[in-house]
Amino acid sequence: MVETPAKAQKNKAVLPKKRFLNFRSFFVVAISMILSILAMRLNFLFRPLGFILLAVLIVLLLVLLSFYFVKNAPLFKQITCVVAIVLSVAAGLHFYYTLDRREYANYSFPVVITGTVDDINLLNETILLSHIRFNGTAYQGKALLYADFTTDIDLRNLSVGDRFAAEGIVRQNPVLRLDGSLNARAFRSDIRYRVFDFENHVFDPATPNIFGRMRVRMKDTLVFAMGRENAAVAFGMLTGDRSGIEYTLREAYSDSGLAHILAVSGLHIGFLSLILLGFFKLIKVKKTPASLITLAVIFLYAFFVGFPPSVIRAMIMASVMILSHMVGRRYDSLSALSLAVVIILIIFPVYLFDFGFLFSMTAVLGIILFMRPIQNFFLKCKFPKRAADSAALSISAQIGLAPAFTLGMRSVRLYSIPFNILIMPIVGFTFIALLISLLLTMLFSPLGILLSLSGVLVAFLNTAAFSVALLPFAIIPSFDLLGGLIFLSLPLFFSASRFIMVEKKRLKAAKISVCLLTATAIIFVGIPLVQNPQSEVFIVSVAHTRREVTSVVKIDNRVYVLGDVASFRRIDTTLGQLGIRRIDAIILFELDEENARAIAELSRRFRIGRIYLYEYGFNTAFGLQILIESNVRNVFKFCGEKSISSNIFPVVVGQNLVAFEMASMHGSVLFAPFNGNLALVPQAVIDRTFTFRAHRFCGNFRDRIFLTNTTITFTDIPPPLRQYSTSELGRFLFDVNYGRLYALPQR
């Protein structure tokens, strides 16, 4: 049949126009809000640049709106521009005034702190207080107290909900620091104050609320069924609370790339939705009531775990998916993700700088952009569908995670992708088995045998995480990159996806290749700025507890751990942040049981050259016995006449070791122990010392630099020339030759 010219013209008229970009209204709004918040972030660094950039953004949106209006574009595009303008201005101003008008109490003297115990973390040795009062005056926010559970045994009797009171010095924990950096974690947790060296504490037991009682019962049930270690991991999988997981096990999950199962996220919401919808389908409940009940349970679960950003995102996306299926509409994942970003940022714009939020968003974005083509590739290679789905999910999520993970963790988990591909089916089955068996056991205790069997699965995951974490090159440290430069890879990822449409196969292949190769170069090459010291001589203050002063020192391309060396966890975390896998020497003031156990743990994680111990140290026999039993035999004793290295010397008075001295190009750095007395140091050593590493400022030597654990303000004594404290700054690197500070990333 021959087509007439009139009919051909008619058919041509009804053919849809070719589009270059798949338009998503919420995606456009989300991008506009992100740009407005980033613009206002610059306002705190270069005033009033943020307001100028925000104005430029609004002008561009107005130009786009005018273009749509002139071209008679669809109404939804015009509405999108109007909504983008309104929400961008609202998000930007909300972000600015949230930080600019945040108030804090300011005390330079000890105060009486009272509050309700909100959380107890034995691993981090912290107590979190809410409903706080200082000297009887109520303040907003929470206070984090750094406790000493080893010496203060009474603190181990604390429970969540108890009323707690103590006397101590309060330090602010601002979201916007004085150097212009942003502490998004402080905003999310609402921890506005930190308290060190508190004393005279008292507490009154209280009855926890219904959720507190539920958490206690869940923990007790899990411990009874599967033991404390497996129970801590199981509780973390179900609630995201990792505080009870032993440190080395938690680091094994992190190093193997499996830490995401211990943080409540979209994975957990997906499993929960799958269980509920499957159960309702089994008992033949209608679609509408089943969907509504599922949504209600998801909301209660999110409330139970505290509404972290990843759960809010997952809850919104799950709600959109369930409601779209309920009303018979197509679910669009990119629109759902964009809607989640819009809702979260309009309420909490600071979350844009929270790595938990970024991890969640970028992982899902990677899945949306790349899962389908990767899945099709594996299916063409004759992979079984379930294996293709699992591999595509893990690979696409890791691609999306790469920018945020590299910037936030300063490292790459080499085996993360293959390990997740293999283990995720077991993780899903374990989560479902844990949830169902725990509920059944709490309802009918004889069914605890089912929970014990679930514990076998948890034990298998623990063993697998340890095995992968111990493989060579499990962690590869990455360069620190210039600010947000690394996130330029995200628009490149988007350009490589199916949302940027190209007709011809060769052009499509070229587009994907160029975009992905450029994004990879940005992520893994980068520009080593900002964080990298200009010299190769530096000191990192490790501990901020009351009982130890420990430092990581690098000089002449050799790494030393020097001081009291009592906290394995903090030393391990610091070395991980620095990308250090070998310790040339551990240099001790004393060796007791606590030191010995910390060194034994370090020897399992790092290659240690030598361990130096003072020959006339007090009561070292028991500590040496622990090291021998742990197969640590590279202990060498030194005395006052011998140097430890070409740069580090013991300072001995009589037979007492009072400090270590490190020589540098500008003078000496003096390291004192926790209970040391700088007044005993010979004057000749003091004269050539320009920096002291000690627990606190001693009130003398006010013309020197002090690197301390805690900041103590003397009302009648002027402060030192400069004082850098971990209680104020967190972990930091002090460049000895240039006298500069560099912040270390949070791990």
# chains A, B, ... in the order shown; residues from 1 in each chain; ligands from 1
$ residues_around --residues "stretch 125-137 of chain A" --least-positions-apart "4" --cutoff "6 Å" --atoms "only C-alpha atoms" --output "number ranges by chain"
A: 111-121, 142-147
$ residues_around --residues "A:Lys554" --least-positions-apart "3" --cutoff "6 Å" --atoms "only C-alpha atoms" --output "list in words"
Val537, Phe538, Arg558 and Val559 of chain A
$ closest_residue --among "A:Leu680, A:Leu295, A:Leu447, A:Ile611" --to "A:Ile644" --atoms "only C-alpha atoms"
A:Ile611
$ residues_around --residues "A:Leu434" --least-positions-apart "5" --cutoff "9 Å" --atoms "only C-alpha atoms" --output "PyMOL selection string"
chain A and resi 234+237-238+429+439+450-451+454-455+458
$ atom_distance --atom1 "atom CA of A:Phe26" --atom2 "atom CA of A:Val56"
20.7 Å
$ residues_around --residues "stretch 628-635 of chain A" --least-positions-apart "5" --cutoff "10 Å" --atoms "only C-alpha atoms" --output "MDAnalysis selection string"
chainID A and resid 585:586 596:597 599:601 603:604 608:613 622:623
$ atom_distance --atom1 "atom CA of A:Phe304" --atom2 "atom CA of A:Arg102"
27.4 Å
$ closest_residue --among "A:Val170, A:Val669, A:Ile539, A:Leu492" --to "A:Arg688" --atoms "only C-alpha atoms"
A:Val669
$ closest_residue --among "A:Ala290, A:Leu657, A:Leu35, A:Ile269" --to "A:Arg313" --atoms "only C-alpha atoms"
A:Ile269
$ atom_distance --atom1 "atom CA of A:Val29" --atom2 "atom CA of A:Ala363"
19.9 Å
$ select_by_dssp --residues "stretch 29-275 of chain A" --states "strand (DSSP E)" --output "PyMOL selection string"
chain A and resi 111-121+126-134+137-138+142-146+163-172+191-204
$ write_last_selection --atoms "C-alpha atoms" --output "CSV table (one decimal), in the first residue's frame"
chain,number,residue,atom,x,y,z
A,111,VAL,CA,30.4,24.0,85.7
A,112,VAL,CA,27.9,21.5,87.0
A,113,ILE,CA,26.5,19.5,84.0
A,114,THR,CA,23.2,17.7,84.4
A,115,GLY,CA,21.2,15.8,81.8
A,116,THR,CA,19.5,12.5,80.8
A,117,VAL,CA,21.7,9.7,79.5
A,118,ASP,CA,20.8,9.3,75.8
A,119,ASP,CA,23.5,6.9,74.8
A,120,ILE,CA,26.5,5.0,76.3
A,121,ASN,CA,29.4,3.9,74.0
A,126,THR,CA,31.6,8.4,75.7
A,127,ILE,CA,28.3,9.3,77.4
A,128,LEU,CA,25.7,11.3,75.5
A,129,LEU,CA,23.5,13.6,77.5
A,130,SER,CA,20.2,15.2,76.4
A,131,HIS,CA,18.0,17.8,78.2
A,132,ILE,CA,21.2,19.4,79.4
A,133,ARG,CA,21.7,22.1,82.1
A,134,PHE,CA,24.8,24.0,83.0
A,137,THR,CA,20.4,26.8,83.2
A,138,ALA,CA,18.8,24.8,80.4
A,142,LYS,CA,23.3,17.5,73.6
A,143,ALA,CA,26.6,17.1,75.4
A,144,LEU,CA,29.1,14.4,74.8
A,145,LEU,CA,31.2,13.4,77.8
A,146,TYR,CA,34.5,11.6,77.3
A,163,ARG,CA,19.7,11.3,85.3
A,164,PHE,CA,23.4,12.2,85.3
A,165,ALA,CA,25.3,15.0,87.0
A,166,ALA,CA,29.0,15.9,87.0
A,167,GLU,CA,31.4,18.8,87.2
A,168,GLY,CA,33.7,19.6,84.3
A,169,ILE,CA,34.8,22.1,81.7
A,170,VAL,CA,32.4,22.5,78.7
A,171,ARG,CA,33.7,23.0,75.2
A,172,GLN,CA,31.6,24.1,72.2
A,191,ILE,CA,25.9,17.5,69.9
A,192,ARG,CA,26.7,21.1,70.7
A,193,TYR,CA,29.1,20.5,73.6
A,194,ARG,CA,31.9,18.2,74.6
A,195,VAL,CA,33.1,17.7,78.2
A,196,PHE,CA,36.5,16.4,79.2
A,197,ASP,CA,38.0,15.5,82.5
A,198,PHE,CA,34.7,15.6,84.4
A,199,GLU,CA,34.6,14.6,88.1
A,200,ASN,CA,32.3,14.2,91.1
A,201,HIS,CA,29.7,12.4,89.0
A,202,VAL,CA,26.4,11.1,90.4
A,203,PHE,CA,23.5,9.5,88.7
A,204,ASP,CA,19.9,8.3,89.5
$ select_by_dssp --residues "stretch 505-729 of chain A" --states "alpha helix (DSSP H)" --output "JSON, numbers by chain"
{"A": [505, 506, 507, 508, 509, 510, 511, 512, 513, 514, 515, 516, 517, 518, 519, 520, 521, 522, 523, 524, 568, 569, 570, 571, 572, 573, 574, 575, 576, 577, 578, 593, 594, 595, 596, 597, 598, 599, 600, 601, 602, 603, 604, 605, 621, 622, 623, 624, 625, 626, 627, 628, 629, 683, 684, 685, 686, 687, 726, 727, 728, 729]}
$ closest_residue --among "A:His260, A:Arg217, A:His94, A:Lys281" --to "A:Ser360" --atoms "only C-alpha atoms"
A:His260
$ residues_around --residues "A:Val59" --least-positions-apart "6" --cutoff "12 Å" --atoms "only C-alpha atoms" --output "PyMOL selection string"
chain A and resi 32+52-53+65-66+81-82+84-85+88-89
